[in-house]
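A.B. asks: One file: start02.txt (compact mmCIF, C-alpha atoms).
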```
# COMPACT_ATOMS: atom_id res chain seq x y z
CA MET A 1 13.86 -4.68 -14.68
CA SER A 2 10.57 -6.35 -15.41
CA VAL A 3 8.49 -9.29 -14.30
CA GLY A 4 5.42 -11.00 -15.66
CA GLY A 5 3.19 -13.93 -14.85
CA ALA A 6 -0.19 -14.56 -13.35
CA LEU A 7 -1.90 -13.18 -10.30
CA ASP A 8 -3.49 -16.32 -8.94
CA LEU A 9 -5.84 -16.56 -5.98
CA THR A 10 -6.83 -20.14 -5.19
CA ASP A 11 -8.50 -21.68 -2.18
CA THR A 12 -10.44 -24.80 -1.35
CA GLY A 13 -12.85 -25.90 1.32
CA LEU A 14 -14.69 -22.61 1.39
CA THR A 15 -18.26 -22.44 2.55
CA PRO A 16 -20.48 -22.09 -0.52
CA GLY A 17 -21.77 -18.59 -0.99
CA THR A 18 -20.92 -15.20 -2.37
CA TYR A 19 -17.54 -13.66 -1.61
CA ARG A 20 -16.16 -10.23 -2.37
CA PHE A 21 -12.84 -9.70 -4.11
CA GLU A 22 -10.69 -6.75 -5.05
CA VAL A 23 -7.89 -6.49 -7.61
CA GLN A 24 -5.36 -3.72 -6.99
CA LEU A 25 -2.42 -2.19 -8.83
CA VAL A 26 -0.08 0.44 -7.45
CA SER A 27 3.01 2.05 -8.98
CA ASP A 28 5.15 4.43 -6.94
CA VAL A 29 8.24 6.47 -7.74
CA ALA A 30 10.07 8.88 -5.42
CA PHE A 31 13.51 10.41 -5.43
CA VAL A 32 14.71 10.05 -1.88
CA PRO A 33 17.82 11.05 0.02
CA GLU A 34 18.07 7.86 2.07
CA PRO A 35 17.09 4.84 0.01
CA ARG A 36 17.38 2.03 2.52
CA SER A 37 14.97 3.39 5.07
CA ILE A 38 12.46 4.00 2.33
CA LEU A 39 12.97 0.44 1.15
CA LEU A 40 11.94 -0.90 4.53
CA LEU A 41 8.86 1.23 4.45
CA GLY A 42 8.13 0.08 0.94
CA ILE A 43 8.19 -3.60 1.78
CA GLY A 44 5.33 -3.09 4.17
CA LEU A 45 3.44 -0.86 1.83
CA LEU A 46 1.33 -3.54 0.26
CA SER A 47 -0.50 -4.38 3.43
CA LEU A 48 -1.48 -0.75 3.68
CA ALA A 49 -2.43 -0.38 0.06
CA GLY A 50 -6.04 -1.26 0.64
CA MET A 51 -6.48 1.33 3.32
CA SER A 52 -4.70 3.88 1.19
CA PHE A 53 -7.11 3.21 -1.63
CA ARG A 54 -10.06 3.65 0.61
CA LYS A 55 -8.88 6.97 1.92
CA ARG A 56 -8.07 8.33 -1.50
CA PHE A 57 -11.22 7.28 -3.24
CA ALA A 58 -13.67 7.64 -0.35
CA MET B 1 -23.89 -7.81 17.46
CA ARG B 2 -22.53 -10.25 14.90
CA ALA B 3 -19.38 -9.35 13.04
CA THR B 4 -19.96 -8.98 9.33
CA LYS B 5 -16.39 -9.13 8.05
CA LEU B 6 -15.16 -12.56 8.98
CA PHE B 7 -11.94 -13.10 7.14
CA ILE B 8 -9.64 -11.81 4.47
CA ILE B 9 -7.41 -13.83 2.18
CA VAL B 10 -4.53 -12.27 0.35
CA SER B 11 -3.69 -15.11 -1.94
CA LEU B 12 -0.90 -13.88 -4.13
CA PHE B 13 0.66 -10.67 -5.26
CA PHE B 14 3.70 -9.29 -6.90
CA LEU B 15 5.87 -6.65 -5.37
CA ALA B 16 8.93 -5.19 -7.01
CA THR B 17 11.12 -2.56 -5.47
CA GLU B 18 14.19 -0.94 -6.92
CA ILE B 19 16.52 1.65 -5.49
CA ALA B 20 19.32 3.17 -7.56
CA ILE B 21 20.49 6.42 -9.06
CA ALA B 22 18.92 7.97 -12.14
CA ASP B 23 17.70 11.20 -13.63
CA SER B 24 14.15 9.93 -13.94
CA VAL B 25 12.25 6.67 -13.46
CA VAL B 26 9.10 5.08 -14.84
CA ALA B 27 7.29 2.35 -12.88
CA SER B 28 4.46 0.62 -14.65
CA ALA B 29 2.18 -2.29 -13.89
CA SER B 30 -0.62 -3.87 -15.87
CA VAL B 31 -3.20 -6.60 -15.40
CA ASN B 32 -4.99 -8.17 -18.33
CA TRP B 33 -8.56 -8.23 -17.07
CA ALA B 34 -9.92 -9.48 -20.39
CA SER B 35 -7.93 -12.70 -19.94
CA ALA B 36 -8.86 -13.21 -16.30
CA THR B 37 -10.50 -16.50 -15.36
CA PHE B 38 -12.93 -17.05 -12.49
CA SER B 39 -14.15 -20.28 -10.92
CA GLY B 40 -17.69 -18.95 -10.55
CA PRO B 41 -20.02 -16.17 -11.67
CA VAL B 42 -18.73 -12.67 -10.95
CA ALA B 43 -20.39 -9.26 -10.78
CA PRO B 44 -19.42 -5.72 -9.84
CA THR B 45 -20.01 -4.63 -6.27
CA GLY B 46 -19.35 -1.58 -4.17
CA ALA B 47 -15.89 -1.16 -2.69
CA GLY B 48 -15.64 -2.15 0.93
CA GLY B 49 -18.86 -4.12 0.68
CA ASN B 50 -20.87 -0.91 0.56
CA PRO B 51 -23.44 -1.02 -2.27
CA ALA B 52 -23.35 2.77 -2.46
CA SER B 53 -19.61 2.86 -3.12
CA PRO B 54 -18.04 2.74 -6.59
CA SER B 55 -16.86 -0.67 -7.73
CA GLU B 56 -13.71 0.62 -9.37
CA GLY B 57 -11.44 3.58 -9.02
CA ILE B 58 -8.26 5.05 -10.43
CA GLY B 59 -5.91 7.82 -9.40
CA ALA B 60 -2.75 9.51 -10.64
CA PHE B 61 -0.85 11.81 -8.27
CA TYR B 62 2.28 13.91 -8.80
CA THR B 63 3.74 15.68 -5.79
CA THR B 64 6.89 17.17 -4.38
CA LEU B 65 8.92 14.91 -2.11
CA SER B 66 7.37 16.63 0.87
CA GLY B 67 3.92 15.70 -0.42
CA VAL B 68 2.77 19.02 -1.80
CA PRO B 69 0.33 18.23 -4.65
CA ILE B 70 1.28 19.50 -8.09
CA VAL B 71 -1.12 17.77 -10.44
CA SER B 72 -3.50 14.86 -9.98
CA CYS B 73 -6.57 13.19 -11.35
CA ALA B 74 -8.98 10.54 -10.11
CA ALA B 75 -12.13 8.81 -11.28
CA ASN B 76 -14.44 6.04 -10.22
CA ALA B 77 -17.43 4.14 -11.55
CA ALA B 78 -20.31 2.12 -10.21
CA GLY B 79 -19.80 -0.77 -12.64
CA TRP B 80 -16.92 -2.28 -14.52
CA THR B 81 -16.99 0.41 -17.15
CA PRO B 82 -13.80 1.83 -18.71
CA ILE B 83 -12.27 4.75 -16.82
CA ALA B 84 -8.93 6.46 -17.29
CA CYS B 85 -7.08 9.59 -16.33
CA SER B 86 -3.58 10.96 -16.74
CA VAL B 87 -1.49 14.00 -15.86
CA GLN B 88 1.64 15.49 -17.34
CA ALA B 89 4.20 17.31 -15.23
CA GLY B 90 7.15 18.50 -17.27
CA PRO B 91 8.79 15.40 -18.69
CA ASP B 92 6.90 13.09 -16.31
CA PHE B 93 3.69 11.24 -17.08
CA VAL B 94 1.37 9.62 -14.55
CA ALA B 95 -1.60 7.57 -15.70
CA ALA B 96 -4.13 5.05 -14.41
CA SER B 97 -6.85 3.19 -16.24
CA ALA B 98 -9.30 0.35 -15.67
CA ASN B 99 -10.57 -1.20 -18.86
CA SER B 100 -10.08 -4.62 -20.41
CA GLU B 101 -6.58 -4.01 -19.09
CA PHE B 102 -5.56 -2.22 -15.91
CA ASP B 103 -2.61 0.12 -16.16
CA ALA B 104 -0.79 2.08 -13.47
CA ILE B 105 2.12 4.15 -14.78
CA ALA B 106 4.09 6.48 -12.53
CA ALA B 107 7.07 8.55 -13.61
CA ALA B 108 9.09 11.11 -11.68
CA SER B 109 12.21 13.18 -12.03
CA VAL B 110 14.62 14.32 -9.36
CA GLY B 111 12.82 16.19 -6.58
CA TYR B 112 9.40 14.71 -7.21
CA SER B 113 7.19 11.74 -6.37
CA SER B 114 4.37 10.09 -8.28
CA ASN B 115 1.77 7.43 -7.65
CA ALA B 116 -0.70 5.64 -9.89
CA SER B 117 -3.31 3.26 -8.52
CA VAL B 118 -6.18 1.14 -9.78
CA TYR B 119 -8.72 -1.03 -8.03
CA ARG B 120 -11.78 -3.03 -9.10
CA ASP B 121 -14.22 -4.74 -6.73
CA GLY B 122 -16.62 -7.58 -7.40
CA THR B 123 -18.34 -10.63 -6.03
CA ILE B 124 -17.69 -14.23 -6.93
CA VAL B 125 -19.92 -17.20 -6.19
CA VAL B 126 -18.37 -20.29 -4.60
CA GLY B 127 -20.28 -23.46 -5.40
CA ALA B 128 -20.94 -26.63 -3.46
CA ASN B 129 -17.38 -27.96 -3.97
CA GLY B 130 -15.97 -25.03 -2.00
CA ASP B 131 -13.27 -24.27 -4.59
CA LEU B 132 -12.33 -20.76 -5.61
CA ASN B 133 -9.87 -19.51 -8.22
CA ILE B 134 -9.19 -16.10 -9.70
CA GLU B 135 -6.32 -15.80 -12.14
CA THR B 136 -5.23 -12.94 -14.35
CA PRO B 137 -2.01 -12.19 -16.27
CA PHE B 138 0.14 -9.31 -15.11
CA SER B 139 3.35 -7.54 -16.02
CA ALA B 140 5.46 -4.96 -14.19
CA THR B 141 8.43 -2.89 -15.23
CA ILE B 142 10.72 -0.34 -13.59
CA THR B 143 12.72 1.69 -16.09
CA PRO B 144 15.32 4.22 -14.91
CA VAL B 145 16.79 6.83 -17.22
CA VAL B 146 20.38 7.05 -16.08
CA GLY B 147 22.26 10.21 -16.90
CA SER B 148 24.91 12.24 -15.16
CA CYS B 149 22.99 12.67 -11.94
CA GLY B 150 25.00 12.12 -8.76
CA PRO B 151 24.27 10.59 -5.35
CA SER B 152 21.53 13.09 -4.66
CA CYS B 153 19.51 11.34 -7.32
CA ASN B 154 18.68 8.16 -5.40
CA TYR B 155 15.27 6.94 -6.38
CA PHE B 156 12.80 4.47 -4.93
CA ALA B 157 10.41 2.72 -7.27
CA GLN B 158 7.84 0.06 -6.51
CA VAL B 159 5.09 -1.76 -8.36
CA GLU B 160 2.52 -3.92 -6.63
CA GLY B 161 -0.39 -6.09 -7.62
CA ALA B 162 -2.76 -8.01 -5.41
CA ILE B 163 -6.03 -9.87 -5.24
CA PHE B 164 -7.90 -9.69 -1.95
CA LEU B 165 -10.75 -12.01 -1.04
CA PHE B 166 -13.25 -11.03 1.64
CA SER B 167 -15.92 -13.13 3.27
CA THR B 168 -18.95 -11.47 4.74
CA SER B 169 -21.95 -13.69 5.29
CA PRO B 170 -20.57 -17.27 5.19
CA PRO B 171 -19.02 -18.65 8.39
CA PRO B 172 -15.25 -18.27 8.54
CA ARG B 173 -13.09 -21.19 7.48
CA SER B 174 -10.03 -19.60 8.98
CA ALA B 175 -8.76 -16.29 10.21
CA ILE B 176 -6.16 -14.77 7.91
CA GLN B 177 -4.21 -16.86 5.44
CA PHE B 178 -0.86 -16.02 4.00
CA PRO B 179 0.21 -18.66 1.49
CA GLY B 180 3.75 -19.65 0.74
CA PRO B 181 4.48 -17.21 -2.07
CA LEU B 182 3.89 -14.34 0.30
CA LEU B 183 6.82 -15.47 2.38
CA LEU B 184 9.22 -15.87 -0.49
CA MET B 185 11.42 -12.92 -1.14
CA LEU B 186 14.14 -12.83 -3.69
CA VAL B 187 16.68 -10.20 -2.86
CA SER B 188 19.40 -9.37 -5.28
CA SER B 189 21.81 -6.54 -5.34
CA GLN B 190 24.24 -5.41 -7.92
CA ASN B 191 26.86 -2.72 -8.21
CA ARG B 192 26.88 -0.67 -11.31
CA THR B 193 29.60 1.78 -12.15
CA ALA B 194 30.29 3.84 -9.04
CA PRO B 195 28.59 5.66 -7.48
CA CYS B 196 25.44 3.92 -8.73
CA ARG B 197 23.85 1.36 -6.46
CA SER B 198 20.90 -0.87 -7.16
CA VAL B 199 18.92 -2.89 -4.70
CA GLU B 200 16.09 -4.93 -6.10
CA HIS B 201 13.42 -6.75 -4.14
CA TRP B 202 10.95 -9.07 -5.75
CA ILE B 203 8.21 -11.07 -4.14
```
How does the structure come out when it is put into structure tokens?

C.D. replies:
Amino acid sequence: MSVGGALDLTDTGLTPGTYRFEVQLVSDVAFVPEPRSILLLGIGLLSLAGMSFRKRFA
Amino acid sequence: MRATKLFIIVSLFFLATEIAIADSVVASASVNWASATFSGPVAPTGAGGNPASPSEGIGAFYTTLSGVPIVSCAANAAGWTPIACSVQAGPDFVAASANSEFDAIAAASVGYSSNASVYRDGTIVVGANGDLNIETPFSATITPVVGSCGPSCNYFAQVEGAIFLFSTSPPPRSAIQFPGPLLLMLVSSQNRTAPCRSVEHWI
């Protein structure tokens, strides 16, 4: 399966100034004995991706 | 003491998850940085807002399912300069690169796990109108190689892409925003020839 499109971050009404942004990509593959429990973990993985990056590259 | 990190916006991301049975799987994601558009001037900056930190990093990791490292590579850079690394483990290939295009490719066979990750940090200037936009094309693919492997060959594959926006010095406009697309989840499932199962999640 595949998907394509645009990553789009848009906001209005921000206070003028300098902001910091980060673009991230993560690909994971694992052969697991119990797929559904891993799926649940995977859905929440994105929110932890930033912290994971920091730990790995610190 | 005044807080320095005032808010974070996660504006939009893609997340694809697939679970099925196969002999090996390749998960790949790419972002076309060269075609990215920005509403204001941008510049590299240190990750986490730390000027001493690298502004981009990549990593490719191949492990056993219990997390024992087999082969890996990682690199980072202080500016938006091209970096890349890859590892080969038997038939599996794991690679990450940050150039005019970002690529994160992770492949694994039965009994193993792999991860490829890329990040790039920068600053963007918001002008007097208060508008901000960052847009970049992406693509993501999960490709299983289905053979004669049985139920013990369940795999989990996931590709993710995200843009995070952090405010430091300006006053906060809001706390944390999660726009509509974040809440939309398309769940589809399909049954292939028994005993194969496939569960796909896309956001």

A.B. asks: Hey, could you pull the box centre and edge lengths for region 20-31 of chain A, axis-aligned, 4 Å padding per side, all listed atoms, to one decimal in Å, as AutoDock Vina command-line options?

C.D. replies:
```
--center_x -1.3 --center_y 0.1 --center_z -5.7 --size_x 37.7 --size_y 28.6 --size_z 14.6
```

A.B. asks: I need the chain B residues near chain A as a ChimeraX atom specification; criterion: at most 6 Å, counting only C-alpha atoms.

C.D. replies: /B:11-12,27,104,106,110-111,113-128,130-142,154-167

A.B. asks: Which distance in Å separates CA of Cys85 (chain B) and CA of Tyr62 (chain B), to one decimal?

C.D. replies: 12.8 Å

A.B. asks: State, in Å with one decimal place, the distance from CA of Ala107 (chain B) to CA of Gly59 (chain B).

C.D. replies: 13.7 Å

A.B. asks: Record the distance separating CA of Val71 (chain B) and CA of Gln88 (chain B), expressed in Å with one decimal.

C.D. replies: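 Going from CA of Val71 (chain B) over to CA of Gln88 (chain B) covers 7.8 Å.
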
A.B. asks: Pick out the residues sitting within 9 Å of Gly46 (chain B), and hand them over as a list in words; count all atoms listed in the file, and ignore anything fewer than 3 positions along from it in its own chain.

C.D. replies: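 Using all atoms listed in the file, the neighbours found are Gly49, Asn50, Pro51, Ala52, Ser53, Pro54, Ser55, Glu56, Ala78, Gly79, Asp121 and Gly122 of chain B.
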
A.B. asks: Of the candidates B:Ser24, B:Thr81, B:Asn32, B:Thr63, which one gets nearest to Asp103 (chain B) if we count only C-alpha atoms?

C.D. replies: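 Looking at the shortest contact to Asp103 (chain B), the residue is B:Asn32.
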
A.B. asks: Within 9 Å of (-6.4, 5.4, -14.9) (coordinates as in the file), grab all the protein and nucleic acid residues, counting all atoms listed in the file, and write them out as a list in words.

C.D. replies: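 Those residues, ordered by chain and then number, are Gly57, Ile58, Gly59, Ala60, Cys73, Ala74, Ala75, Ile83, Ala84, Cys85, Ser86, Val94, Ala95, Ala96, Ser97, Ala98, Asn99, Phe102, Asp103, Ala104, Ile105, Ala116, Ser117 and Val118 of chain B.
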